[in-house]
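Asker: To start, I am sharing the structure in question, which I have written as structure tokens.
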Amino acid sequence: PKKMKMAKEDIEEIKYRTGKWLKEEEDILKANAREYLLIHNLTLPDIFKLANKDRKPFYKHCSQNINRKYTNVYKKALRMFDEKNHLGHYTEQEIKTLKKLEATVKDENKWKAIGEKMGRSANSVRDRATKIGAEVKKNKRKRKWTKKEKDRLRLCVDTTA
């Protein structure tokens with residue numbers, strides 16, 4: 001088959017919504033998910049036991065009649081429907097474990113590996129680690145350099161120049 005080329009001005013650009021989700025959009029997403037589960041005789045836990053590539057038809061169905069990019073619907077559905085995302089507040093022990101794992105896990109898919117070890121979703125542990133990092137950064141003591149620190153810096157600069 002011969003490919004047709006279209007002039008740029010003939011292609012109508014689709015304007016997708018971005019930003020905070022409207023309640024109506026969330027309702028459509030929930031209804032689409034319920035419909036898919038009913039048609040395929042599945043439950044949400046069944047969906048999340050599937051490999052990511054096997055969940056694609058579910059996410060495609062969820063995105064129907066929602067004026068957002070597929071990836072936005074996918075991310076929203078993950079956050080809304082993955083039960084491991086809604087396990088409540090992190091305990092002090094979980095925070096210690098998360099910090100330890102974040103420092104030691106070198107897996108290519110680090111957050112998925114940490115999430116599996118902690119029994120939480122990858123999104124949840126990544127978001128919590130980001131929050132911990134922001135808290136640490138915010139709480140770092142800000143002060144002026146001491147004379148000793150300035151002298152050490154001058155010495156380092158002088159020896160490399």
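Just remember, in the structure tokens the first chain shown is A, the second B, etc., residues are 1-based per chain, and ligands are 1-based in the order shown.
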Can you tell me, as a ChimeraX atom specification, what residues are no more than 12 Å from segment 58-70 of chain A when counting only C-alpha atoms, ignoring any on the same chain fewer than 2 positions away?
Answerer: /A:14-40,42-44,46-48,50-56,72-78,80-81
Asker: List every residue of segment 43-130 of chain A that DSSP, applied to the backbone of this structure, places in helix (DSSP H, G or I), and write the result as number ranges by chain.
Answerer: A: 44-49, 52-62, 70-81, 83-85, 92-104, 110-118, 122-130
Asker: When you draw a straight line from atom CA of Lys96 of chain A to atom CA of Glu108 of chain A, how long is it in Å?
Answerer: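 Rounded to one decimal, the two atoms are 21.8 Å apart.
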Asker: Please indicate the distance in Å from atom CA of Ala103 of chain A to atom CA of Asn85 of chain A, rounded to one decimal place.
Answerer: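 It comes out at 21.9 Å.
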Asker: So how many Å separate atom CA of Lys49 of chain A and atom CA of Gly88 of chain A, to one decimal?
Answerer: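 Taking atom CA of Lys49 of chain A and atom CA of Gly88 of chain A, their separation equals 21.0 Å.
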Asker: Write out as number ranges by chain each polymer residue whose atoms come within 10 Å of Leu98 of chain A, counting only C-alpha atoms; drop sequence neighbours fewer than 2 positions from it.
Answerer: A: 90, 92-96, 100-104, 114-115, 117-118, 125-126, 128-129, 132
Asker: Restricted to N, CA, C and O atoms, what would the selected residues look like written as a PDB file, in the first residue's frame?
Answerer:
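Wrote it out as again34.pdb, contents follow:
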ATOM      1  N   TYR A  90       2.934   5.383  56.084  1.00  0.00           N
ATOM      2  CA  TYR A  90       4.130   4.583  56.308  1.00  0.00           C
ATOM      3  C   TYR A  90       4.479   4.638  57.794  1.00  0.00           C
ATOM      4  O   TYR A  90       4.457   5.705  58.406  1.00  0.00           O
ATOM      5  N   GLU A  92       7.248   4.176  60.978  1.00  0.00           N
ATOM      6  CA  GLU A  92       8.656   4.559  61.119  1.00  0.00           C
ATOM      7  C   GLU A  92       9.565   3.442  60.613  1.00  0.00           C
ATOM      8  O   GLU A  92      10.582   3.696  59.975  1.00  0.00           O
ATOM      9  N   GLN A  93       9.182   2.186  60.911  1.00  0.00           N
ATOM     10  CA  GLN A  93       9.976   1.042  60.460  1.00  0.00           C
ATOM     11  C   GLN A  93       9.998   0.967  58.931  1.00  0.00           C
ATOM     12  O   GLN A  93      11.031   0.693  58.324  1.00  0.00           O
ATOM     13  N   GLU A  94       8.857   1.214  58.295  1.00  0.00           N
ATOM     14  CA  GLU A  94       8.796   1.187  56.825  1.00  0.00           C
ATOM     15  C   GLU A  94       9.665   2.290  56.217  1.00  0.00           C
ATOM     16  O   GLU A  94      10.329   2.073  55.204  1.00  0.00           O
ATOM     17  N   ILE A  95       9.680   3.445  56.853  1.00  0.00           N
ATOM     18  CA  ILE A  95      10.510   4.547  56.360  1.00  0.00           C
ATOM     19  C   ILE A  95      11.988   4.180  56.466  1.00  0.00           C
ATOM     20  O   ILE A  95      12.762   4.415  55.533  1.00  0.00           O
ATOM     21  N   LYS A  96      12.378   3.563  57.582  1.00  0.00           N
ATOM     22  CA  LYS A  96      13.772   3.114  57.738  1.00  0.00           C
ATOM     23  C   LYS A  96      14.121   2.083  56.670  1.00  0.00           C
ATOM     24  O   LYS A  96      15.186   2.135  56.055  1.00  0.00           O
ATOM     25  N   LYS A 100      16.883   2.384  53.610  1.00  0.00           N
ATOM     26  CA  LYS A 100      17.928   1.370  53.460  1.00  0.00           C
ATOM     27  C   LYS A 100      17.886   0.756  52.061  1.00  0.00           C
ATOM     28  O   LYS A 100      18.915   0.633  51.387  1.00  0.00           O
ATOM     29  N   LEU A 101      16.694   0.376  51.608  1.00  0.00           N
ATOM     30  CA  LEU A 101      16.559  -0.237  50.289  1.00  0.00           C
ATOM     31  C   LEU A 101      16.924   0.737  49.178  1.00  0.00           C
ATOM     32  O   LEU A 101      17.549   0.356  48.191  1.00  0.00           O
ATOM     33  N   GLU A 102      16.519   1.981  49.323  1.00  0.00           N
ATOM     34  CA  GLU A 102      16.834   2.973  48.289  1.00  0.00           C
ATOM     35  C   GLU A 102      18.341   3.117  48.126  1.00  0.00           C
ATOM     36  O   GLU A 102      18.844   3.270  47.014  1.00  0.00           O
ATOM     37  N   ALA A 103      19.062   3.034  49.220  1.00  0.00           N
ATOM     38  CA  ALA A 103      20.512   3.166  49.175  1.00  0.00           C
ATOM     39  C   ALA A 103      21.201   1.913  48.645  1.00  0.00           C
ATOM     40  O   ALA A 103      22.300   1.995  48.090  1.00  0.00           O
ATOM     41  N   THR A 104      20.567   0.754  48.806  1.00  0.00           N
ATOM     42  CA  THR A 104      21.247  -0.494  48.449  1.00  0.00           C
ATOM     43  C   THR A 104      20.766  -1.149  47.151  1.00  0.00           C
ATOM     44  O   THR A 104      21.547  -1.824  46.500  1.00  0.00           O
ATOM     45  N   ILE A 114      11.850  -2.377  45.019  1.00  0.00           N
ATOM     46  CA  ILE A 114      11.634  -1.930  46.402  1.00  0.00           C
ATOM     47  C   ILE A 114      10.173  -2.139  46.800  1.00  0.00           C
ATOM     48  O   ILE A 114       9.872  -2.612  47.892  1.00  0.00           O
ATOM     49  N   GLY A 115       9.259  -1.782  45.890  1.00  0.00           N
ATOM     50  CA  GLY A 115       7.835  -1.953  46.165  1.00  0.00           C
ATOM     51  C   GLY A 115       7.480  -3.400  46.461  1.00  0.00           C
ATOM     52  O   GLY A 115       6.725  -3.697  47.391  1.00  0.00           O
ATOM     53  N   LYS A 117       9.486  -5.728  47.626  1.00  0.00           N
ATOM     54  CA  LYS A 117      10.072  -6.124  48.915  1.00  0.00           C
ATOM     55  C   LYS A 117       9.275  -5.566  50.093  1.00  0.00           C
ATOM     56  O   LYS A 117       9.223  -6.175  51.148  1.00  0.00           O
ATOM     57  N   MET A 118       8.646  -4.388  49.873  1.00  0.00           N
ATOM     58  CA  MET A 118       7.908  -3.748  50.958  1.00  0.00           C
ATOM     59  C   MET A 118       6.415  -4.047  50.924  1.00  0.00           C
ATOM     60  O   MET A 118       5.687  -3.661  51.845  1.00  0.00           O
ATOM     61  N   VAL A 125       6.165   3.794  46.807  1.00  0.00           N
ATOM     62  CA  VAL A 125       7.503   3.901  47.417  1.00  0.00           C
ATOM     63  C   VAL A 125       8.318   5.014  46.770  1.00  0.00           C
ATOM     64  O   VAL A 125       9.057   5.716  47.460  1.00  0.00           O
ATOM     65  N   ARG A 126       8.170   5.195  45.457  1.00  0.00           N
ATOM     66  CA  ARG A 126       8.894   6.284  44.788  1.00  0.00           C
ATOM     67  C   ARG A 126       8.417   7.647  45.311  1.00  0.00           C
ATOM     68  O   ARG A 126       9.224   8.518  45.636  1.00  0.00           O
ATOM     69  N   ARG A 128       6.980   8.308  48.181  1.00  0.00           N
ATOM     70  CA  ARG A 128       7.367   8.482  49.591  1.00  0.00           C
ATOM     71  C   ARG A 128       8.851   8.810  49.707  1.00  0.00           C
ATOM     72  O   ARG A 128       9.237   9.654  50.500  1.00  0.00           O
ATOM     73  N   ALA A 129       9.678   8.158  48.897  1.00  0.00           N
ATOM     74  CA  ALA A 129      11.116   8.447  48.919  1.00  0.00           C
ATOM     75  C   ALA A 129      11.368   9.893  48.467  1.00  0.00           C
ATOM     76  O   ALA A 129      12.221  10.580  49.036  1.00  0.00           O
ATOM     77  N   ILE A 132      10.496  12.079  51.374  1.00  0.00           N
ATOM     78  CA  ILE A 132      11.546  11.998  52.401  1.00  0.00           C
ATOM     79  C   ILE A 132      12.733  12.866  51.987  1.00  0.00           C
ATOM     80  O   ILE A 132      13.271  13.621  52.787  1.00  0.00           O
TER      81      ILE A 132
END
Asker: Which polymer residues have any atom within 8 Å of an atom of Ser121 of chain A, counting only C-alpha atoms, with same-chain residues fewer than 2 positions away left out, as a list in words?
Answerer: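 Listed by chain and then number, they are Asp82, Lys84, Asn85, Lys112, Gly115, Glu116, Gly119, Asn123, Ser124 and Val125 of chain A.
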